[in-house]
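Undergrad: Dropping in my_file-v9.cif, which is mmCIF, C-alpha atoms:
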data_work
loop_
_atom_site.label_atom_id
_atom_site.label_comp_id
_atom_site.auth_asym_id
_atom_site.auth_seq_id
_atom_site.Cartn_x
_atom_site.Cartn_y
_atom_site.Cartn_z
CA MET A 1 106.16 128.87 72.83
CA THR A 2 107.94 130.89 75.52
CA THR A 3 107.77 130.36 79.27
CA ILE A 4 108.95 132.61 82.08
CA ARG A 5 111.18 131.07 84.71
CA PRO A 6 110.94 132.02 88.42
CA ASP A 7 114.08 134.19 88.02
CA GLY A 8 112.43 136.25 85.27
CA THR A 9 114.36 134.77 82.34
CA THR A 10 112.56 133.17 79.42
CA ALA A 11 112.92 129.83 77.69
CA SER A 12 111.41 128.40 74.55
CA GLU A 13 109.51 125.15 74.77
CA GLU A 14 109.02 122.70 71.94
CA PRO A 15 106.73 119.67 71.76
CA ALA A 16 108.24 116.38 72.84
CA ALA A 17 110.34 114.87 70.08
CA LYS A 18 109.94 111.35 68.73
CA ARG A 19 112.62 108.93 67.65
CA PRO A 20 112.73 105.18 66.98
CA ALA A 21 113.07 103.28 70.28
CA GLY A 22 115.84 100.99 69.15
CA ARG A 23 115.13 98.43 66.48
CA THR A 24 111.45 98.27 65.57
CA ALA A 25 109.53 95.36 64.08
CA SER A 26 107.01 95.21 61.28
CA VAL A 27 103.37 95.11 62.34
CA GLY A 28 103.07 91.47 61.30
CA VAL A 29 106.15 90.38 63.23
CA ALA A 30 105.17 92.34 66.36
CA VAL A 31 101.66 90.88 66.34
CA GLY A 32 103.21 87.45 65.80
CA VAL A 33 105.38 87.95 68.89
CA LEU A 34 102.32 89.06 70.88
CA LEU A 35 100.31 86.00 69.86
CA GLY A 36 103.29 83.68 70.31
CA VAL A 37 103.94 84.87 73.85
CA ALA A 38 100.24 84.53 74.67
CA ALA A 39 100.03 81.02 73.18
CA VAL A 40 103.08 79.76 75.09
CA LEU A 41 101.75 81.15 78.36
CA ILE A 42 98.28 79.68 77.82
CA ALA A 43 99.83 76.27 77.13
CA ILE A 44 102.04 76.41 80.25
CA ASP A 45 99.15 77.65 82.37
CA GLN A 46 96.77 74.91 81.30
CA TRP A 47 99.46 72.22 81.51
CA THR A 48 100.40 73.15 85.09
CA LYS A 49 96.74 73.30 86.10
CA HIS A 50 96.18 69.84 84.62
CA LEU A 51 99.13 68.46 86.59
CA VAL A 52 98.12 69.90 89.95
CA VAL A 53 94.47 68.86 89.58
CA ALA A 54 95.59 65.32 88.77
CA ASP A 55 98.31 64.98 91.41
CA LEU A 56 97.70 67.37 94.32
CA ASP A 57 95.42 66.78 97.29
CA PRO A 58 93.63 70.04 98.20
CA GLU A 59 93.95 69.06 101.87
CA SER A 60 97.71 68.46 101.74
CA PRO A 61 99.80 71.41 100.50
CA VAL A 62 103.31 70.55 99.28
CA ARG A 63 106.24 72.57 100.65
CA ALA A 64 108.79 73.67 98.02
CA LEU A 65 111.91 75.85 97.78
CA GLY A 66 112.54 75.63 101.50
CA GLY A 67 109.15 77.06 102.38
CA LEU A 68 109.34 80.00 100.01
CA LEU A 69 106.57 78.42 97.94
CA TYR A 70 103.76 75.98 98.66
CA LEU A 71 101.74 74.02 96.12
CA ASP A 72 98.26 74.46 97.56
CA LEU A 73 95.42 73.45 95.25
CA THR A 74 92.29 75.61 95.40
CA PHE A 75 89.33 76.23 93.12
CA ASN A 76 88.51 79.92 93.11
CA SER A 77 85.14 81.20 91.94
CA GLY A 78 86.09 84.83 92.61
CA ALA A 79 89.15 87.05 92.30
CA ALA A 80 92.06 87.49 94.74
CA PHE A 81 91.15 86.47 98.32
CA SER A 82 87.96 84.99 96.76
CA PHE A 83 86.56 88.48 96.27
CA GLY A 84 83.36 88.54 94.21
CA ARG A 85 82.54 84.84 94.62
CA ASN A 86 78.85 85.55 94.04
CA TYR A 87 79.56 87.31 90.74
CA THR A 88 81.62 84.70 88.94
CA PHE A 89 79.97 85.46 85.59
CA VAL A 90 81.48 88.97 85.62
CA PHE A 91 85.10 87.77 85.42
CA PRO A 92 84.90 85.93 82.08
CA VAL A 93 83.16 88.95 80.58
CA ILE A 94 85.99 91.19 81.80
CA ALA A 95 88.57 88.75 80.35
CA ILE A 96 86.81 88.76 76.97
CA VAL A 97 86.74 92.57 76.93
CA ILE A 98 90.44 92.77 77.87
CA SER A 99 91.35 90.29 75.13
CA GLY A 100 89.35 92.24 72.56
CA VAL A 101 90.97 95.53 73.55
CA ILE A 102 94.46 94.04 73.30
CA LEU A 103 93.79 92.66 69.82
CA TRP A 104 92.41 96.05 68.76
CA LEU A 105 95.45 97.86 70.16
CA ALA A 106 97.69 95.47 68.24
CA CYS A 107 96.81 97.32 65.05
CA GLY A 108 99.91 99.34 64.20
CA LEU A 109 102.02 97.55 66.84
CA ARG A 110 105.74 97.77 65.98
CA SER A 111 107.41 97.63 69.39
CA TRP A 112 109.02 94.42 70.64
CA PRO A 113 108.64 95.33 74.36
CA TRP A 114 104.99 96.29 73.87
CA ALA A 115 104.39 93.04 71.98
CA ALA A 116 105.80 91.09 74.93
CA ALA A 117 103.79 93.07 77.51
CA MET A 118 100.54 92.72 75.61
CA GLY A 119 101.22 89.03 75.00
CA LEU A 120 101.68 88.48 78.73
CA VAL A 121 98.40 90.22 79.53
CA LEU A 122 96.52 88.39 76.77
CA GLY A 123 97.94 85.02 77.81
CA GLY A 124 97.02 85.61 81.44
CA ALA A 125 93.50 86.76 80.65
CA VAL A 126 92.79 83.86 78.29
CA GLY A 127 94.38 81.28 80.59
CA ASN A 128 91.92 82.03 83.36
CA LEU A 129 89.08 82.58 80.88
CA ILE A 130 89.44 78.96 79.77
CA ASP A 131 88.84 77.88 83.37
CA ARG A 132 85.80 80.13 83.65
CA LEU A 133 84.29 78.69 80.48
CA PHE A 134 85.13 74.99 80.71
CA ARG A 135 85.54 73.99 84.36
CA ALA A 136 82.84 73.10 86.88
CA PRO A 137 80.23 74.15 87.73
CA GLY A 138 79.62 75.35 84.13
CA PRO A 139 80.24 77.94 81.40
CA PHE A 140 80.85 81.49 82.71
CA ARG A 141 80.70 80.08 86.26
CA GLY A 142 83.77 77.85 86.23
CA ASN A 143 86.26 77.92 89.09
CA VAL A 144 89.84 78.98 88.37
CA VAL A 145 92.56 76.55 89.44
CA ASP A 146 95.03 78.29 91.77
CA PHE A 147 97.94 76.47 93.35
CA LEU A 148 100.88 78.78 94.17
CA SER A 149 101.04 80.15 97.71
CA VAL A 150 104.10 82.11 98.88
CA PHE A 151 105.73 81.77 102.34
CA ALA A 152 102.84 79.72 103.76
CA PRO A 153 99.85 77.64 102.61
CA ASP A 154 96.21 78.75 102.71
CA ALA A 155 96.92 82.27 101.38
CA LYS A 156 98.19 83.31 104.80
CA TYR A 157 100.38 86.13 103.45
CA PHE A 158 99.33 86.53 99.82
CA PRO A 159 96.47 85.28 97.60
CA ILE A 160 97.02 81.86 96.03
CA PHE A 161 97.66 82.33 92.32
CA ASN A 162 98.60 80.50 89.11
CA VAL A 163 100.77 80.96 86.01
CA ALA A 164 98.11 83.05 84.26
CA ASP A 165 97.88 85.44 87.20
CA SER A 166 101.66 85.85 87.22
CA ALA A 167 101.78 86.59 83.48
CA LEU A 168 98.96 89.10 83.73
CA THR A 169 100.62 90.94 86.62
CA ILE A 170 104.06 91.07 84.95
CA GLY A 171 102.50 92.22 81.68
CA VAL A 172 100.63 95.08 83.33
CA ILE A 173 103.75 96.21 85.23
CA LEU A 174 105.80 96.13 82.02
CA ALA A 175 103.15 98.09 80.12
CA ILE A 176 103.04 100.76 82.84
CA ALA A 177 106.84 101.04 82.78
CA LEU A 178 106.89 101.40 78.99
CA GLU A 179 104.24 104.10 79.18
CA LEU A 180 106.07 106.00 81.92
CA PHE A 181 109.35 105.97 79.98
CA GLY A 182 107.69 107.19 76.80
CA PHE A 183 107.88 104.03 74.71
CA ARG A 184 105.02 103.86 72.20
CA ARG A 185 103.36 100.87 70.58
CA ASP A 186 104.42 102.11 67.13
CA GLY A 187 108.08 101.69 68.05
CA MET A 188 108.73 105.38 68.68
CA ARG A 189 109.79 107.01 71.92
CA LEU A 190 108.66 110.40 73.20
CA LEU A 191 111.55 112.56 74.35
CA ALA A 192 111.13 115.87 76.13
CA GLN A 193 113.36 118.48 74.46
CA ARG A 194 115.40 120.95 76.49
CA PRO A 195 114.47 124.62 76.11
CA ALA A 196 116.32 126.20 73.18
CA ASP A 197 118.33 128.66 75.29
CA ASP A 198 119.46 125.84 77.60
CA GLN A 199 121.02 123.87 74.77
CA PRO A 200 124.75 124.18 74.06
CA GLY A 201 125.51 127.17 71.87
CA ALA A 202 122.09 128.77 72.43
#
Show me the file's structure as structure tokens.

TA:
Amino acid sequence: MTTIRPDGTTASEEPAAKRPAGRTASVGVAVGVLLGVAAVLIAIDQWTKHLVVADLDPESPVRALGGLLYLDLTFNSGAAFSFGRNYTFVFPVIAIVISGVILWLACGLRSWPWAAAMGLVLGGAVGNLIDRLFRAPGPFRGNVVDFLSVFAPDAKYFPIFNVADSALTIGVILAIALELFGFRRDGMRLLAQRPADDQPGA
């Protein structure tokens, strides 16, 4: 394919090339990494929630890290800033759909970074899904345990969150970065080729 530059010269264009993005993993190993990351995060998330529910008073936030972080126990029936509190049943459905999509996308997964990103998202989604299914007031209506508030208590500057929320956010950011830089789930990387007459010796 030939394109015409603004100065009237021409250049040939070729489809983006593919090459292995570093060392790739087998599908089984990559999926194992995904599930391992998700399992570790779910365990940490549920363990920290158990501790704060048992030991923290919702009326008495605990100052930590010189005020950078406060342990402020809340039970959230909605999303960030308690958005959607009257539609609690929607959030577990969304988490189930996200989990299913991730497991479906894992077919053919051979990229270590993608395995980590997808594991973070899956672990975050399932961590909060467990709260929605098994905490009061009942299945699909359960309140999520949030307890991390930055810079001030009571979500003054930022919504109160938990380990699952953090994992989900980091996983999504990592996935977006991988996509933007051309890294594929099959372990290949898309590389834009220079026009033929711009290459050395052309």

Undergrad: Using only C-alpha atoms, pick whichever of A:Ala117, A:Ala39, A:Ile44, A:Val33 has the shortest atom-to-atom distance to Leu174 (chain A).

TA: A:Ala117

Undergrad: For the file shown, what are the residues hit by the PyMOL selection byres ((chain A and resi 159) around 12), laid out as a JSON list (two decimals) with C-alpha atoms, in the coordinates of the input?

TA:
[["chain", "number", "residue", "atom", "x", "y", "z"],
["A", 70, "TYR", "CA", 103.76, 75.98, 98.66],
["A", 72, "ASP", "CA", 98.26, 74.46, 97.56],
["A", 74, "THR", "CA", 92.29, 75.61, 95.40],
["A", 76, "ASN", "CA", 88.51, 79.92, 93.11],
["A", 78, "GLY", "CA", 86.09, 84.83, 92.61],
["A", 79, "ALA", "CA", 89.15, 87.05, 92.30],
["A", 80, "ALA", "CA", 92.06, 87.49, 94.74],
["A", 81, "PHE", "CA", 91.15, 86.47, 98.32],
["A", 82, "SER", "CA", 87.96, 84.99, 96.76],
["A", 83, "PHE", "CA", 86.56, 88.48, 96.27],
["A", 146, "ASP", "CA", 95.03, 78.29, 91.77],
["A", 147, "PHE", "CA", 97.94, 76.47, 93.35],
["A", 148, "LEU", "CA", 100.88, 78.78, 94.17],
["A", 149, "SER", "CA", 101.04, 80.15, 97.71],
["A", 150, "VAL", "CA", 104.10, 82.11, 98.88],
["A", 151, "PHE", "CA", 105.73, 81.77, 102.34],
["A", 152, "ALA", "CA", 102.84, 79.72, 103.76],
["A", 153, "PRO", "CA", 99.85, 77.64, 102.61],
["A", 154, "ASP", "CA", 96.21, 78.75, 102.71],
["A", 155, "ALA", "CA", 96.92, 82.27, 101.38],
["A", 156, "LYS", "CA", 98.19, 83.31, 104.80],
["A", 157, "TYR", "CA", 100.38, 86.13, 103.45],
["A", 158, "PHE", "CA", 99.33, 86.53, 99.82],
["A", 160, "ILE", "CA", 97.02, 81.86, 96.03],
["A", 161, "PHE", "CA", 97.66, 82.33, 92.32],
["A", 162, "ASN", "CA", 98.60, 80.50, 89.11],
["A", 165, "ASP", "CA", 97.88, 85.44, 87.20],
["A", 166, "SER", "CA", 101.66, 85.85, 87.22]]

Undergrad: A:Ala30, A:Ala54, A:Leu129, A:Met188: which is nearest Leu109 (chain A), counting only C-alpha atoms?

TA: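 Of A:Ala30, A:Ala54, A:Leu129, A:Met188, the one nearest Leu109 (chain A), counting only C-alpha atoms, is A:Ala30.
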
Undergrad: Can you tell me, as an MDAnalysis selection string, which residues sit within 10 Å of (101.2, 77.4, 84.0) in the file's frame, using only C-alpha atoms?

TA: chainID A and resid 40:51 124 127 146:147 162:167

Undergrad: Give as number ranges by chain the residues that the PyMOL selection byres ((chain A and resi 93) around 12) matches when applied to the coordinates above.

TA: A: 87-92, 94-100, 125-126, 128-130, 132-133, 139-141

Undergrad: Would you kindly return, as a list of chain:residue names, each protein, DNA or RNA residue with an atom no farther than 10 Å from any atom of Val31 (chain A), considering all atoms listed in the file and excluding same-chain residues fewer than 4 positions away?

TA: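 Listing them by chain and then by number gives A:Ala25, A:Ser26, A:Val27, A:Leu35, A:Gly36, A:Val37, A:Leu103, A:Ala106, A:Cys107, A:Gly108, A:Leu109, A:Arg110, A:Ser111, A:Trp112, A:Trp114, A:Ala115, A:Ala116, A:Met118, A:Gly119.
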
Undergrad: For C-alpha atoms, I'd like the residues from the last selection saved as a PDB file, in the coordinates of the input.

TA:
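Output contents, as saved in out13.pdb:
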ATOM      1  CA  ALA A  25     109.530  95.360  64.080  1.00  0.00           C
ATOM      2  CA  SER A  26     107.010  95.210  61.280  1.00  0.00           C
ATOM      3  CA  VAL A  27     103.370  95.110  62.340  1.00  0.00           C
ATOM      4  CA  LEU A  35     100.310  86.000  69.860  1.00  0.00           C
ATOM      5  CA  GLY A  36     103.290  83.680  70.310  1.00  0.00           C
ATOM      6  CA  VAL A  37     103.940  84.870  73.850  1.00  0.00           C
ATOM      7  CA  LEU A 103      93.790  92.660  69.820  1.00  0.00           C
ATOM      8  CA  ALA A 106      97.690  95.470  68.240  1.00  0.00           C
ATOM      9  CA  CYS A 107      96.810  97.320  65.050  1.00  0.00           C
ATOM     10  CA  GLY A 108      99.910  99.340  64.200  1.00  0.00           C
ATOM     11  CA  LEU A 109     102.020  97.550  66.840  1.00  0.00           C
ATOM     12  CA  ARG A 110     105.740  97.770  65.980  1.00  0.00           C
ATOM     13  CA  SER A 111     107.410  97.630  69.390  1.00  0.00           C
ATOM     14  CA  TRP A 112     109.020  94.420  70.640  1.00  0.00           C
ATOM     15  CA  TRP A 114     104.990  96.290  73.870  1.00  0.00           C
ATOM     16  CA  ALA A 115     104.390  93.040  71.980  1.00  0.00           C
ATOM     17  CA  ALA A 116     105.800  91.090  74.930  1.00  0.00           C
ATOM     18  CA  MET A 118     100.540  92.720  75.610  1.00  0.00           C
ATOM     19  CA  GLY A 119     101.220  89.030  75.000  1.00  0.00           C
TER      20      GLY A 119
END

Undergrad: Between CA of Arg135 (chain A) and CA of Leu69 (chain A), what is the spacing in Å?

TA: 25.4 Å

Undergrad: Which distance in Å separates CA of Val53 (chain A) and CA of Pro137 (chain A), to one decimal?

TA: 15.3 Å

Undergrad: Just how far from CA of Gly142 (chain A) is CA of Leu122 (chain A), in Å to one decimal?

TA: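 Computing the Euclidean distance for CA of Leu122 (chain A) and CA of Gly142 (chain A) yields 19.1 Å.
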
Undergrad: Would you please work out which residue, of A:Gly123, A:Val145, A:Asn86, A:Pro113, is nearest to Leu178 (chain A) when using all atoms listed in the file?

TA: A:Pro113

Undergrad: Between A:Asp131, A:Thr24, A:Arg185, A:Leu120, which has the minimum distance to Thr169 (chain A) (counting all atoms listed in the file)?

TA: A:Leu120

Undergrad: Complete the atom set of region 162-173 of chain A to all heavy atoms and return it as a compact mmCIF listing (two decimals), in the coordinates of the input.

TA:
# COMPACT_ATOMS: atom_id res chain seq x y z
N ASN A 162 98.18 81.49 90.10
CA ASN A 162 98.60 80.50 89.11
C ASN A 162 99.50 81.17 88.07
O ASN A 162 99.83 82.36 88.19
CB ASN A 162 97.38 79.83 88.47
CG ASN A 162 96.43 80.85 87.86
OD1 ASN A 162 96.84 81.82 87.23
ND2 ASN A 162 95.13 80.63 88.05
N VAL A 163 99.89 80.43 87.04
CA VAL A 163 100.77 80.96 86.01
C VAL A 163 100.10 82.11 85.26
O VAL A 163 100.74 83.13 84.95
CB VAL A 163 101.17 79.85 85.03
CG1 VAL A 163 101.95 80.43 83.84
CG2 VAL A 163 102.01 78.79 85.74
N ALA A 164 98.82 81.99 84.97
CA ALA A 164 98.11 83.05 84.26
C ALA A 164 98.09 84.35 85.06
O ALA A 164 98.29 85.44 84.49
CB ALA A 164 96.67 82.61 83.94
N ASP A 165 97.87 84.24 86.35
CA ASP A 165 97.88 85.44 87.20
C ASP A 165 99.25 86.12 87.17
O ASP A 165 99.35 87.35 87.11
CB ASP A 165 97.54 85.06 88.65
CG ASP A 165 96.15 84.51 88.81
OD1 ASP A 165 95.25 84.92 88.04
OD2 ASP A 165 95.94 83.67 89.70
N SER A 166 100.30 85.31 87.23
CA SER A 166 101.66 85.85 87.22
C SER A 166 101.93 86.59 85.91
O SER A 166 102.48 87.70 85.90
CB SER A 166 102.68 84.73 87.40
OG SER A 166 102.47 84.05 88.62
N ALA A 167 101.56 85.97 84.80
CA ALA A 167 101.78 86.59 83.48
C ALA A 167 101.03 87.90 83.36
O ALA A 167 101.56 88.90 82.86
CB ALA A 167 101.36 85.62 82.38
N LEU A 168 99.79 87.89 83.80
CA LEU A 168 98.96 89.10 83.73
C LEU A 168 99.57 90.23 84.55
O LEU A 168 99.66 91.37 84.08
CB LEU A 168 97.55 88.77 84.24
CG LEU A 168 96.49 89.86 84.14
CD1 LEU A 168 96.27 90.30 82.71
CD2 LEU A 168 95.18 89.37 84.74
N THR A 169 100.03 89.92 85.75
CA THR A 169 100.62 90.94 86.62
C THR A 169 101.91 91.50 86.02
O THR A 169 102.11 92.73 85.97
CB THR A 169 100.92 90.35 88.00
OG1 THR A 169 99.70 89.87 88.59
CG2 THR A 169 101.53 91.40 88.93
N ILE A 170 102.79 90.62 85.55
CA ILE A 170 104.06 91.07 84.95
C ILE A 170 103.79 91.90 83.70
O ILE A 170 104.45 92.93 83.47
CB ILE A 170 104.95 89.86 84.62
CG1 ILE A 170 105.37 89.15 85.91
CG2 ILE A 170 106.18 90.30 83.82
CD1 ILE A 170 106.07 87.83 85.68
N GLY A 171 102.83 91.48 82.89
CA GLY A 171 102.50 92.22 81.68
C GLY A 171 102.00 93.63 81.97
O GLY A 171 102.38 94.58 81.30
N VAL A 172 101.16 93.76 82.97
CA VAL A 172 100.63 95.08 83.33
C VAL A 172 101.75 95.97 83.86
O VAL A 172 101.84 97.15 83.49
CB VAL A 172 99.52 94.94 84.40
CG1 VAL A 172 99.15 96.30 84.98
CG2 VAL A 172 98.28 94.29 83.78
N ILE A 173 102.63 95.42 84.70
CA ILE A 173 103.75 96.21 85.23
C ILE A 173 104.66 96.67 84.10
O ILE A 173 105.09 97.83 84.05
CB ILE A 173 104.53 95.39 86.27
CG1 ILE A 173 103.68 95.15 87.52
CG2 ILE A 173 105.84 96.10 86.65
CD1 ILE A 173 104.31 94.21 88.52
